[in-house]
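Chemist: Below you will find the structure I want to go over with you.
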Amino acid sequence: MASARPAQTNIRSDIVKRRIREVTERTGMTATQFLEEAVLRYDPPGETLPPGLKRVGWMLVAALPEGVVIDPDEINAAIAADRCGERD
């Protein structure tokens, strides 16, 4: 029967190695326990968008100024005019 192969992560960072050693010595955790808990707790910061943009699903869209309403009929007319070469 084959034995389970342990997971391996090669870490070359002296800072990370030192922190693992500090925490495992103080808490009695294994390096694996510490790294698993650290990874599970990590939550990257939210996305910072340029002013005037917001995310809607996967798209970035310009936020409209207060009170501005876009009429779908006007949009469709502008698209049709652009397709016919009738730009303003």
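Identifiers for the structure tokens are assigned positionally: chains receive A, B, ... in sequence, residues are indexed from 1 per chain, and ligands are indexed from 1 in the order shown.
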Taking the DSSP secondary structure from the backbone, can you list the residues of chain A that are helix (DSSP H, G or I), as number ranges by chain?
Modeler: A: 14-27, 31-41, 72-83
Chemist: If we count only C-alpha atoms, what is near Gln33 of chain A at a cut-off of 12 Å, once residues fewer than 5 positions away on the same chain are taken out, given as a ChimeraX atom specification?
Modeler: /A:20,23-24,27-28,38-40
Chemist: Enter the distance from atom CA of Ile75 of chain A to atom CA of Ala63 of chain A, in Å, rounded to one decimal.
Modeler: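 Interatomic distance here is 16.4 Å.
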Chemist: From the DSSP assignment of the backbone, select every residue of chain A that is strand (DSSP E), and format the answer as a PyMOL selection string.
Modeler: chain A and resi 53-56+59-62
Chemist: Write the selection just made, keeping all heavy atoms, as a PDB file, in the first residue's frame?
Modeler:
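File out-v9.pdb, as written:
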```
ATOM      1  N   LEU A  53     -15.807  55.661 -11.424  1.00  0.00           N
ATOM      2  CA  LEU A  53     -16.083  54.334 -11.966  1.00  0.00           C
ATOM      3  C   LEU A  53     -16.630  53.423 -10.882  1.00  0.00           C
ATOM      4  O   LEU A  53     -16.297  53.569  -9.717  1.00  0.00           O
ATOM      5  CB  LEU A  53     -14.816  53.700 -12.551  1.00  0.00           C
ATOM      6  CG  LEU A  53     -14.232  54.327 -13.798  1.00  0.00           C
ATOM      7  CD1 LEU A  53     -12.987  53.558 -14.228  1.00  0.00           C
ATOM      8  CD2 LEU A  53     -15.246  54.348 -14.927  1.00  0.00           C
ATOM      9  N   LYS A  54     -17.473  52.490 -11.293  1.00  0.00           N
ATOM     10  CA  LYS A  54     -17.956  51.466 -10.374  1.00  0.00           C
ATOM     11  C   LYS A  54     -18.019  50.151 -11.134  1.00  0.00           C
ATOM     12  O   LYS A  54     -18.039  50.119 -12.361  1.00  0.00           O
ATOM     13  CB  LYS A  54     -19.320  51.831  -9.796  1.00  0.00           C
ATOM     14  CG  LYS A  54     -20.444  51.864 -10.800  1.00  0.00           C
ATOM     15  CD  LYS A  54     -21.763  52.189 -10.141  1.00  0.00           C
ATOM     16  CE  LYS A  54     -22.907  52.182 -11.151  1.00  0.00           C
ATOM     17  NZ  LYS A  54     -24.191  52.425 -10.511  1.00  0.00           N
ATOM     18  N   ARG A  55     -17.990  49.058 -10.400  1.00  0.00           N
ATOM     19  CA  ARG A  55     -18.034  47.739 -11.017  1.00  0.00           C
ATOM     20  C   ARG A  55     -19.474  47.241 -10.989  1.00  0.00           C
ATOM     21  O   ARG A  55     -20.135  47.255  -9.967  1.00  0.00           O
ATOM     22  CB  ARG A  55     -17.133  46.765 -10.274  1.00  0.00           C
ATOM     23  CG  ARG A  55     -17.082  45.408 -10.958  1.00  0.00           C
ATOM     24  CD  ARG A  55     -15.997  44.527 -10.427  1.00  0.00           C
ATOM     25  NE  ARG A  55     -14.662  45.026 -10.690  1.00  0.00           N
ATOM     26  CZ  ARG A  55     -14.034  44.950 -11.864  1.00  0.00           C
ATOM     27  NH1 ARG A  55     -14.628  44.415 -12.896  1.00  0.00           N
ATOM     28  NH2 ARG A  55     -12.815  45.411 -12.000  1.00  0.00           N
ATOM     29  N   VAL A  56     -19.943  46.810 -12.156  1.00  0.00           N
ATOM     30  CA  VAL A  56     -21.248  46.180 -12.285  1.00  0.00           C
ATOM     31  C   VAL A  56     -20.987  44.821 -12.919  1.00  0.00           C
ATOM     32  O   VAL A  56     -20.712  44.736 -14.121  1.00  0.00           O
ATOM     33  CB  VAL A  56     -22.221  47.012 -13.146  1.00  0.00           C
ATOM     34  CG1 VAL A  56     -23.546  46.284 -13.312  1.00  0.00           C
ATOM     35  CG2 VAL A  56     -22.433  48.392 -12.537  1.00  0.00           C
ATOM     36  N   MET A  59     -17.994  44.320 -15.500  1.00  0.00           N
ATOM     37  CA  MET A  59     -17.704  45.564 -16.228  1.00  0.00           C
ATOM     38  C   MET A  59     -17.425  46.726 -15.290  1.00  0.00           C
ATOM     39  O   MET A  59     -17.993  46.815 -14.211  1.00  0.00           O
ATOM     40  CB  MET A  59     -18.904  45.951 -17.100  1.00  0.00           C
ATOM     41  CG  MET A  59     -19.165  45.035 -18.237  1.00  0.00           C
ATOM     42  SD  MET A  59     -20.403  45.676 -19.400  1.00  0.00           S
ATOM     43  CE  MET A  59     -21.760  46.078 -18.339  1.00  0.00           C
ATOM     44  N   LEU A  60     -16.579  47.631 -15.747  1.00  0.00           N
ATOM     45  CA  LEU A  60     -16.391  48.915 -15.090  1.00  0.00           C
ATOM     46  C   LEU A  60     -17.244  49.923 -15.844  1.00  0.00           C
ATOM     47  O   LEU A  60     -17.157  50.023 -17.069  1.00  0.00           O
ATOM     48  CB  LEU A  60     -14.932  49.363 -15.138  1.00  0.00           C
ATOM     49  CG  LEU A  60     -13.969  48.600 -14.255  1.00  0.00           C
ATOM     50  CD1 LEU A  60     -12.557  49.126 -14.453  1.00  0.00           C
ATOM     51  CD2 LEU A  60     -14.366  48.697 -12.805  1.00  0.00           C
ATOM     52  N   VAL A  61     -18.076  50.647 -15.114  1.00  0.00           N
ATOM     53  CA  VAL A  61     -18.944  51.627 -15.756  1.00  0.00           C
ATOM     54  C   VAL A  61     -18.787  52.973 -15.064  1.00  0.00           C
ATOM     55  O   VAL A  61     -18.452  53.052 -13.894  1.00  0.00           O
ATOM     56  CB  VAL A  61     -20.437  51.189 -15.724  1.00  0.00           C
ATOM     57  CG1 VAL A  61     -20.641  49.907 -16.501  1.00  0.00           C
ATOM     58  CG2 VAL A  61     -20.926  51.001 -14.304  1.00  0.00           C
ATOM     59  N   ALA A  62     -19.027  54.023 -15.824  1.00  0.00           N
ATOM     60  CA  ALA A  62     -18.968  55.370 -15.276  1.00  0.00           C
ATOM     61  C   ALA A  62     -20.225  55.613 -14.454  1.00  0.00           C
ATOM     62  O   ALA A  62     -21.337  55.328 -14.894  1.00  0.00           O
ATOM     63  CB  ALA A  62     -18.857  56.391 -16.396  1.00  0.00           C
TER      64      ALA A  62
END
```
Chemist: So how far away is atom CA of Ile70 of chain A from atom CA of Gly46 of chain A, in Å?
Modeler: 28.9 Å
Chemist: By how many Å are atom CA of Asn10 of chain A and atom CA of Thr30 of chain A apart?
Modeler: 15.7 Å
Chemist: Would you pick out the contacts of Pro65 of chain A at 9 Å or less, using only C-alpha atoms, so that residues sharing its chain but fewer than 3 positions from it are not included, and give the list as a VMD selection string?
Modeler: chain A and resid 52 68 to 69
